[in-house]
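One structure is given below, encoded as structure tokens.
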Protein chains: 2
Amino acid sequence: MLEAIFSPRSVAVVGASPDPDRLGHVVLKNIIVNGYLGHVYPIHPSATTVLDLPAYPSVLDLPEAPDMVVIVIPPQHVLPVVEECGQKGAKGLVVITAGFKEVGGEGKELERQLLAKVREYGMRMIGPNCLGVIDTVSDLNASFAALMPEAGGIAFMSQSGAMCTAILDWSKLQGIGFSRFVSLGNKADVDEVALLHAWDHDPHSKVILAYLEGINDGPGFIAAARKVTKNTPVIAIKSGTTAAGTRAASSHTGSLAGSEAAYEAAFHQSGILRARTMNELFDLALLFSYQPLIQGNRVAIVTNAGGPGIIATDAVERSGLKMATFTQETVAKLQAKLPPTANFFNPIDIIGDARSDRYRVGMDAALADPNVDAAIILLTPQAQSDLIETCQVIIQLSQLYGKPVVTSFMGGYSLGPAVEMLSANSIPNYTFPERAVQSLSSMVRYNEWRQRPAPKYRSFEVDKDRVRTLFASVREAGRVELGEIEAREVIEAYGMRLPQSRLASSPDEAAKIAAEIGFPVVMKISSPDILHKSDIGGVKVGVADATSARDTYELIEYRARKYSPGARIWGVLVQEMVRKGREMLVGVTRDPQFGPLVAVGMGGIYVEVFKDIAFRLAPISEREVSEQLREIRTYPLLRGVRGEPPADIAVIEETVLRISQLVTDFPEIVEMDINPLVVHNQGEGAVVLDARIILK
Amino acid sequence: MLEAIFSPRSVAVVGASPDPDRLGHVVLKNIIVNGYLGHVYPIHPSATTVLDLPAYPSVLDLPEAPDMVVIVIPPQHVLPVVEECGQKGAKGLVVITAGFKEVGGEGKELERQLLAKVREYGMRMIGPNCLGVIDTVSDLNASFAALMPEAGGIAFMSQSGAMCTAILDWSKLQGIGFSRFVSLGNKADVDEVALLHAWDHDPHSKVILAYLEGINDGPGFIAAARKVTKNTPVIAIKSGTTAAGTRAASSHTGSLAGSEAAYEAAFHQSGILRARTMNELFDLALLFSYQPLIQGNRVAIVTNAGGPGIIATDAVERSGLKMATFTQETVAKLQAKLPPTANFFNPIDIIGDARSDRYRVGMDAALADPNVDAAIILLTPQAQSDLIETCQVIIQLSQLYGKPVVTSFMGGYSLGPAVEMLSANSIPNYTFPERAVQSLSSMVRYNEWRQRPAPKYRSFEVDKDRVRTLFASVREAGRVELGEIEAREVIEAYGMRLPQSRLASSPDEAAKIAAEIGFPVVMKISSPDILHKSDIGGVKVGVADATSARDTYELIEYRARKYSPGARIWGVLVQEMVRKGREMLVGVTRDPQFGPLVAVGMGGIYVEVFKDIAFRLAPISEREVSEQLREIRTYPLLRGVRGEPPADIAVIEETVLRISQLVTDFPEIVEMDINPLVVHNQGEGAVVLDARIILK
């Protein structure tokens with residue numbers, strides 16, 4: 001897939017110009033000078049040669065159908081050229097030309113037509129409005145970038161062309177290499193999803209990096225990422241999150257869930273490692289592209305200085321990695337071969353005057369130890385340091401044991417050749433130890449993700465038809481919000497427990513129903529127009545006898561009419577009074593990119609004041625709901641504190657999964673809340689006390 | 001102070017050797033070749049010259065008393081030499097020799113003797129066991145470091161010699177300069193406190209950096225830092241914190257407070273900026289040493305690319321800084337002079353083809369705007385970029401407006417000369433924008449600290465004598481833990497409110513006291529040997545009448561005798577039943593370095609499960625206690641949520657301050673808890689329900 005773009009046998013450049021100031025000239029030159037071995041065809045209206053290559057007046061005049069055509073001409077001329085490409089049988093396009101969707105108005109329409117044309121002929125297109133495409137595997141630089149990157153194991157895509165330029169420039173200095181390097185531009189056709197698919201199982205790409213500003217097709221992105229991340233690590237930075245981020249406090253989960261929460265959930269549920277900064281993005285990229293995957297979380301440190309050893313140890317403990325405990329054999333080896341003032345336990349301190357032989361002893365012992373999953377080698381330049389020999393030892397032993405090895409050679413001035421040697425031999429070096437540790441820690445998380453069995457989704461037997469019919473009738477009535485009784489019906493149809501409840505339409509009927517349910521009862525005004533019933537005094541708990549029930553009916557009805565004049569009043573709901581339990585909230589909002597986002601938290605102050613809530617995108621797997629619940633800070637309260645018995649956590653999880661099934665079955669639900677879900681002790685179930693559902 | 005070490009008129013080197021492999025040779029050479037203009041005297045037992053300088057057999061033979069003597073000889077010979085230094089009238093010593101406290105045993109004793117000798121003659125000493133001292137102000141490199149740093153505005157101290165080497169090496173490459181550079185070694189005499197004092201008001205040091213592994217004199221450090229940070233920013237990295245960090249859950253604040261909490265509080269209360277990583281340490285150092293202090297938190301961004309602009313904006317919002325809102329005048333200026341596709345609002349996007357003239361327009365408009373406190377200039381290298389001219393504009397305008405300016409020129413390969421030019425002209429450049437933003441954010445925090453008025457300490461009228469007498473009697477009785485009645489007496493003497501309470505020694509007396517206090521009452525076993533009274537059923541609340549009081553007395557006494565056989569039983573305490581309120585915990589532990597550490601949190605699950613607790617070191621100022629309380633996540637519950645009235649926050653603060661005064665007055669209190677402090681609504685006060693006090 002996308003071979004026409006990443007390994008074309010021939011490339012035509014429309015807009016190739018003899019004028020070196022024109023972009024088309026730069027692109028053609030980049031293709032020629034960087035070693036591309038396929039056929040290259042400049043297209044120019046009048047020139048017979050461009051850059052010594054025979055030029056053709058149009059794509060139609062070419063001696064063969066070009067695999068790929070790069071288009072670098074003013075926007076108004078693009079469409080006819082694309083038509084010619086299609087007719088000629090071109091397969092892939094890279095449209096560098098700007099002036100499409102990003103300028104709005106006519107540009108937007110032009111892009112629509114462009115895409116239609118591309119689709120008509122079954123071609124694939126990168127851009128428009130991009131820097132181009134670079135592929136070191138086929139030595140093809142089809143871009144106007146000033147630099148050609150080194151070859152390497154990183155496949156990179158970016159929605160920002162400027163970021164491409166900056167990163168090329170930066171990586172050139174750092175000696176970092178790329179396999180594929182794509183500026184996505186307006187991503188009218190090929191987007192991040194298409195590239196994820198294209199790069200899945202790519203033998204040249206050990207890690208995929210993405211700079212994203214937005215995602216068009218959320219579910220498609222998640223599906224692709226889930227698949228790809230099982231083979232290849234994907235590291236993404238998503239910018240532009242704060243403005244759209246989680247909004248300030250509110251009692252509704254709707255306003256707690258911003259699209260930042262959706263992105264976070266999407267990355268989490270699809271195994272994408274999210275970098276928080278550009279530095280972190282490349283810290284991780286180096287480790288993943290250079291070193292084998294870590295198999296556990298136990299780290300050994302070898303250092304020629306105490307201070308950096310302490311710093312690294314702190315970082316290990318803080319990052320959730322473990323300092324490896326050596327076997328007796330390892331300690332004995334170290335004691336036998338290192339000076340007595342050395343430290344034989346982790347971190348192994350081989351002392352300031354250590355030369356490469358001591359690095360060999362320390363590193364060999366550590367990597368041979370079955371309790372060690374990775375090694376961090378620290379070096380501060382001392383008078384006795386033999387840097388190049390030490391690098392040789394590190395390179396040799398890292399290859400011998402196949403466990404990830406990272407270094408922090410701390411310094412600069414005297415380290416140049418050593419650091420270059422490490423980089424050239426795929427040992428990631430970090431100026432200070434903390435970033436080495438953080439990177440390993442992310443690798444451990446990725447390994448855990450990869451080890452996971454495929455997600456299991458529970459499917460509950462539910463009465464889908466009943467809900468479908470109900471929604472139809474609500475829509476027919478011209479409403480979008482379900483009344484309480486309707487919401488109850490949905491909850492019931494999806495197998496969740498509700499308190500017994502019946503609608504009374506007179507004081508006497510209320511008393512009768514209450515007696516049948518059993519005192520005490522709860523009474524609530526029933527109206528499709530009153531959302532916050534408590535606020536107008538429309539709810540009364542602990543109604544103890546028939547007289548009270550009659551009085552309460554009258555009072556509640558009176559208040560509803562007084563404070564919500566014009567509201568339709570269906571009567572008063574008489575409900576079983578549910579015994580106390582831990583109150584949870586389960587809410588759903590529909591994210592424009594990613595679909596239903598399900599929130600869970602403990603109700604009341606925990607959600608309202610502490611914003612203690614965890615999100616997952618539906619459909620939610622068994623493992624995901626379990627993690628979701630454990631993510632909230634109040635989880636210990638569910639497990640039981642101060643001698644309390646645990647809550648029925650299994651039922652909370654099941655409730656979330658049933659909701660997940662409901663909102664997946666009915667995409668027309670744009671918002672819903674169960675608040676509260678009263679959860680009893682383990683084995684005793686949970687009851688939905690109140691539910692709100694809003695349709696599209 | 002310490003002039004003899006930082007600007008000596010003469011330096012002798014004991015151990016100066018003609019053998020280039022000896023450290024003494026290296027040190028002497030470093031002094032000679034780096035431009036030091038004072039007198040230099042090699043001391044060597046036999047040589048007549050060393051490195052072409054006339055040598056002397058001993059310090060006693062010198063033609064003058066040397067200001068400073070550097071000692072680089074085996075440890076067993078150090079003491080006699082120091083004696084000679086003292087006799088000759090030397091003022092400062094730098095003892096590079098290792099083999100003292102750090103090797104334990106005899107070395108420890110040797111160091112004690114060394115220090116005694118130094119004190120005897122009123123000299124000051126750096127070391128022993130250090131790399132030496134470098135001072136670029138007097139061009140003095142009295143160390144065995146391989147490199148002499150550039151001159152610059154950073155004064156640096158490090159407890160790790162290896163860290164010194166690494167940082168010298170690193171900074172040499174980065175073009176970062178130092179004023180003073182000190183390897184503290186064992187810091188037998190001169191320690192971080194002495195250096196803080198020495199560097200206060202140092203015109204050559206714009207910022208002080210410290211790498212600390214431990215602090216000897218906590219209160220001295222805080223006092224010195226508080227003073228110095230009002231003039232000069234101090235940035236510290238403290239390693240070795242995780243192992244000794246806050247321990248796992250427990251109901252006692254004692255075990256919640258680790259020394260990590262004490263360090264955090266110490267840095268916070270003394271205005272020290274704490275760096276979490278080595279990278280952050282130098283990110284901040286550059287900003288503070290290069291740029292003027294920021295005066296507010298409103299940031300303008302000028303960029304030639306959208307993506308990096310978004311990244312920087314995200315970082316600004318996340319860091320607590322504000323994106324500046326431009327005046328209409330500024331927007332008009334930008335509109336008049338930038339192309340129509342530019343963005344005239346913050347971030348100012350001057351578009352990819354921007355040359356230095358557009359940078360001038362954007363930056364000039366931003367810095368002239370009264371709503372802007374600092375500017376971040378972003379650049380990704382584009383074909384049209386004129387890097388050197390752009391640097392010139394940045395340098396010129398940053399000097400013109402006197403507001404801090406930082407850059408992120410993103411890239412590497414093509415940026416070398418530009419980045420060097422920025423650095424040489426005191427513009428801190430960061431490879432990626434996030435770190436520029438983080439550094440500015442720390443500068444804003446520092447500015448806020450500097451603007452603060454001097455801390456105000458309240459002094460309450462208390463009955464100190466009563467507590468002194470009481471503690472004496474407890475010690476006389478051979479106890480360290482106060483009984484409940486004794487603890488109550490202390491609380492009362494320090495002006496905190498207690499429930500009415502009297503000790504009954506029979507069932508009838510209990511009934512009588514209860515009637516006088518007024519039913520219902522609480523009854524508790526009174527015994528110095530039973531710490532957790534509830535656990536053995538020794539507490540009963542809501543005792544409603546005389547009969548119950550009699551029964552309860554018998555029951556509680558029976559249980560105490562049964563479950564705590566041998567415990568001394570003083571009777572049963574009959575207490576006023578305090579009406580409900582919000583329950584707080586105020587605890588004190590004594591940190592070995594920093595003294596009394598006062599913890600505040602909401603009681604029950606908030607402290608036990610959520611570890612929601614904030615720490616300050618006593619004595620605590622009015623502002624500090626106010627911040628401490630606002631730091632706990634549960635603070636909104638005190639302010640009142642869901643329509644609750646606010647709690648009496650003033651009384652909580654006062655209680656903490658009274659406790660702060662108590663533990664400051666009585667250093668023999670090693671641990672105490674008030675748990676719970678029942679806090680009523682605003683204006684209604686608070687009552688101490690239970691208190692524990694443990695003496696040394």
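Labeling convention for the structure tokens: chains A, B, ... as they appear, residues from 1 per chain, ligands from 1 in order of appearance.
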Can you check which parts of stretch 282-309 of chain B lie within 8 Å of stretch 152-163 of chain A? Per residue, the shortest pair of atoms and distance in Å to one decimal, counting only C-alpha atoms, sorted by chain and number, as JSON lines.
```
{"residue": "B:Ala305", "atom": "CA", "partner": "A:Ala162", "partner_atom": "CA", "distance": 5.7}
{"residue": "B:Gly306", "atom": "CA", "partner": "A:Ser160", "partner_atom": "CA", "distance": 7.4}
{"residue": "B:Gly307", "atom": "CA", "partner": "A:Ser160", "partner_atom": "CA", "distance": 5.5}
{"residue": "B:Pro308", "atom": "CA", "partner": "A:Met163", "partner_atom": "CA", "distance": 7.0}
```
Please dump the current selection as a short mmCIF file (atom, residue, chain, number, x, y, z; two decimals), in the first residue's frame; keep N, CA and C atoms.
```
data_model
loop_
_atom_site.label_atom_id
_atom_site.label_comp_id
_atom_site.auth_asym_id
_atom_site.auth_seq_id
_atom_site.Cartn_x
_atom_site.Cartn_y
_atom_site.Cartn_z
N ALA B 305 6.15 29.98 12.16
CA ALA B 305 5.50 28.71 11.83
C ALA B 305 4.38 28.42 12.81
N GLY B 306 3.28 27.91 12.27
CA GLY B 306 2.10 27.67 13.09
C GLY B 306 2.29 26.58 14.13
N GLY B 307 2.82 25.43 13.71
CA GLY B 307 2.95 24.28 14.62
C GLY B 307 3.69 24.62 15.90
N PRO B 308 4.90 25.14 15.80
CA PRO B 308 5.63 25.52 17.00
C PRO B 308 4.89 26.57 17.82
#
```
(message) Residues of chain B within 8 Å of chain A, counting only C-alpha atoms, what are they? List them as number ranges by chain.
(response) B: 146, 160, 162-163, 165-174, 213, 239-243, 277-279, 305-308, 310-311, 313-314, 317-318, 352, 380-383, 410-414, 432, 434, 605, 609-610, 633-634, 636-637, 641
(request) Compile the contact shell of B:Asp191 as a list of chain:residue names: residues with an atom at most 10 Å away, counting only C-alpha atoms, same-chain residues fewer than 6 positions apart removed. (result)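 Near neighbours after the sequence-gap exclusion: B:Met125, B:Ile126, B:Gly127, B:Met157, B:Ser158, B:Gln159, B:Leu184, B:Gly185, B:Ile215, B:Asn216, B:Asp217, B:Phe221.
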(request) Excluding A:Val522 and residues on its chain fewer than 4 positions from it, collect all residues at most 6 Å away from it, counting only C-alpha atoms, and give them as JSON, numbers by chain. (result) {"A": [540, 541, 542, 574, 575, 577]}
(request) List every residue of stretch 192-424 of chain A that DSSP, applied to the backbone of this structure, assigns to alpha helix (DSSP H), and report them as a PyMOL selection string. (result) chain A and resi 192-199+218-228+253-256+259-269+278-290+306-319+328-337+356-368+387-401+416-424
(message) Would you compute the distance between atom CA of B:Pro45 and atom CA of B:Ser10? Give it in Å to one decimal.
(response)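 Separation of atom CA of B:Pro45 and atom CA of B:Ser10: 19.7 Å.
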(message) Please report the interatomic distance between atom CA of A:Leu51 and atom CA of A:Glu3 in Å with one decimal.
(response)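 Computing it gives 26.3 Å between the two atoms.
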(message) Give me, as a PyMOL selection string, the residues of stretch 287-361 of chain A that a backbone DSSP run labels strand (DSSP E).
(response) chain A and resi 298-303+322-323+348-349
Residue subset to file, keeping N, CA and C atoms, as a JSON list (two decimals), in the first residue's frame:
```json
[["chain", "number", "residue", "atom", "x", "y", "z"],
["A", 298, "ARG", "N", 13.30, -3.99, 35.40],
["A", 298, "ARG", "CA", 14.40, -3.95, 36.39],
["A", 298, "ARG", "C", 15.68, -3.42, 35.74],
["A", 299, "VAL", "N", 16.18, -2.34, 36.29],
["A", 299, "VAL", "CA", 17.26, -1.60, 35.67],
["A", 299, "VAL", "C", 18.53, -1.70, 36.51],
["A", 300, "ALA", "N", 19.67, -1.87, 35.84],
["A", 300, "ALA", "CA", 20.96, -1.79, 36.51],
["A", 300, "ALA", "C", 21.65, -0.51, 36.07],
["A", 301, "ILE", "N", 22.40, 0.09, 36.98],
["A", 301, "ILE", "CA", 23.14, 1.31, 36.67],
["A", 301, "ILE", "C", 24.63, 1.05, 36.91],
["A", 302, "VAL", "N", 25.45, 1.43, 35.94],
["A", 302, "VAL", "CA", 26.90, 1.37, 36.12],
["A", 302, "VAL", "C", 27.42, 2.81, 35.98],
["A", 303, "THR", "N", 28.17, 3.28, 36.96],
["A", 303, "THR", "CA", 28.59, 4.68, 36.95],
["A", 303, "THR", "C", 30.02, 4.84, 37.45],
["A", 322, "LYS", "N", 12.17, -0.31, 38.42],
["A", 322, "LYS", "CA", 12.74, -0.87, 39.66],
["A", 322, "LYS", "C", 14.25, -0.94, 39.53],
["A", 323, "MET", "N", 14.95, -0.63, 40.62],
["A", 323, "MET", "CA", 16.38, -0.89, 40.66],
["A", 323, "MET", "C", 16.53, -2.40, 40.82],
["A", 348, "ILE", "N", 26.04, 0.23, 40.48],
["A", 348, "ILE", "CA", 27.44, -0.21, 40.54],
["A", 348, "ILE", "C", 28.33, 1.02, 40.34],
["A", 349, "ASP", "N", 29.07, 1.38, 41.39],
["A", 349, "ASP", "CA", 29.95, 2.54, 41.29],
["A", 349, "ASP", "C", 31.38, 2.03, 41.07]]
```
Can you tell me which residues surround stretch 591-594 of chain A at a distance of at most 7 Å, considering only C-alpha atoms, apart from same-chain residues fewer than 2 positions away, and format the answer as a PDB file with C-alpha atoms, in the first residue's frame?
```pdb
ATOM      1  CA  ILE A 215      -7.275  13.779  13.701  1.00  0.00           C
ATOM      2  CA  ASN A 216     -10.038  13.461  11.137  1.00  0.00           C
ATOM      3  CA  ASP A 217     -11.218   9.926  11.687  1.00  0.00           C
ATOM      4  CA  GLY A 218     -10.941   9.075  15.371  1.00  0.00           C
ATOM      5  CA  PRO A 219     -12.273   5.502  15.320  1.00  0.00           C
ATOM      6  CA  SER A 259     -11.449  16.646  23.681  1.00  0.00           C
ATOM      7  CA  ALA A 262     -10.748  11.974  24.394  1.00  0.00           C
ATOM      8  CA  THR A 589     -20.465  12.579  26.019  1.00  0.00           C
ATOM      9  CA  PRO A 596     -18.710   8.162  22.864  1.00  0.00           C
ATOM     10  CA  LEU A 597     -16.440   9.034  25.776  1.00  0.00           C
TER      11      LEU A 597
END
```
(message) For a quick check of understanding, using only C-alpha atoms, which of A:Asp135, A:Asp21, A:Glu557, A:Glu192 has the smallest distance to A:Ser179?
(response)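 Closest residue, counting only C-alpha atoms: A:Asp135.
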(request) One decimal, Å: what's the distance from atom CA of B:Asp67 over to atom CA of B:Ala151, could you say? (result)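 Separation between atom CA of B:Asp67 and atom CA of B:Ala151: 22.6 Å.
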(request) Would you please work out which residue, of A:Lys533, A:Ser660, A:Val578, A:Lys512, is nearest to A:Tyr457 when using only C-alpha atoms? (result) A:Ser660
(message) Residues near stretch 359-366 of chain A, anyone? I mean within 7 Å using only C-alpha atoms, not counting same-chain ones fewer than 5 positions away, as a PyMOL selection string.
(response) chain A and resi 300+302+330+333-334+337+348+372+390+393+397
Let's have the selection written as a PDB file, in the first residue's frame, with N, CA and C atoms.
```
ATOM      1  N   ALA A 300      19.665  -1.874  35.836  1.00  0.00           N
ATOM      2  CA  ALA A 300      20.961  -1.787  36.513  1.00  0.00           C
ATOM      3  C   ALA A 300      21.653  -0.505  36.067  1.00  0.00           C
ATOM      4  N   VAL A 302      25.451   1.434  35.943  1.00  0.00           N
ATOM      5  CA  VAL A 302      26.901   1.374  36.116  1.00  0.00           C
ATOM      6  C   VAL A 302      27.416   2.806  35.978  1.00  0.00           C
ATOM      7  N   THR A 330      26.348 -12.374  40.758  1.00  0.00           N
ATOM      8  CA  THR A 330      26.734 -11.082  40.176  1.00  0.00           C
ATOM      9  C   THR A 330      27.571 -10.279  41.162  1.00  0.00           C
ATOM     10  N   LYS A 333      31.021 -11.717  41.422  1.00  0.00           N
ATOM     11  CA  LYS A 333      31.813 -11.352  40.243  1.00  0.00           C
ATOM     12  C   LYS A 333      32.374  -9.938  40.390  1.00  0.00           C
ATOM     13  N   LEU A 334      31.501  -9.030  40.803  1.00  0.00           N
ATOM     14  CA  LEU A 334      31.913  -7.631  40.923  1.00  0.00           C
ATOM     15  C   LEU A 334      32.977  -7.479  42.012  1.00  0.00           C
ATOM     16  N   LYS A 337      36.418  -8.576  40.872  1.00  0.00           N
ATOM     17  CA  LYS A 337      37.115  -7.871  39.804  1.00  0.00           C
ATOM     18  C   LYS A 337      37.209  -6.353  39.959  1.00  0.00           C
ATOM     19  N   ILE A 348      26.041   0.231  40.476  1.00  0.00           N
ATOM     20  CA  ILE A 348      27.435  -0.206  40.542  1.00  0.00           C
ATOM     21  C   ILE A 348      28.330   1.016  40.338  1.00  0.00           C
ATOM     22  N   VAL A 372      18.154  -8.552  35.680  1.00  0.00           N
ATOM     23  CA  VAL A 372      18.333  -7.243  35.058  1.00  0.00           C
ATOM     24  C   VAL A 372      17.703  -7.228  33.660  1.00  0.00           C
ATOM     25  N   THR A 390      35.884   2.791  26.164  1.00  0.00           N
ATOM     26  CA  THR A 390      34.661   2.555  26.932  1.00  0.00           C
ATOM     27  C   THR A 390      33.464   2.403  25.989  1.00  0.00           C
ATOM     28  N   VAL A 393      33.452  -1.040  24.517  1.00  0.00           N
ATOM     29  CA  VAL A 393      32.945  -2.035  25.466  1.00  0.00           C
ATOM     30  C   VAL A 393      31.409  -1.987  25.494  1.00  0.00           C
ATOM     31  N   LEU A 397      29.138  -5.162  24.374  1.00  0.00           N
ATOM     32  CA  LEU A 397      28.326  -5.887  25.347  1.00  0.00           C
ATOM     33  C   LEU A 397      26.835  -5.702  25.075  1.00  0.00           C
TER      34      LEU A 397
END
```
(request) Would you kindly return, as a list in words, each protein, DNA or RNA residue with an atom no farther than 10 Å from any atom of A:Glu627, considering only C-alpha atoms and excluding same-chain residues fewer than 5 positions away? (result) Ala614, Arg616, Ser621, Glu622, Ile632 and Glu653 of chain A
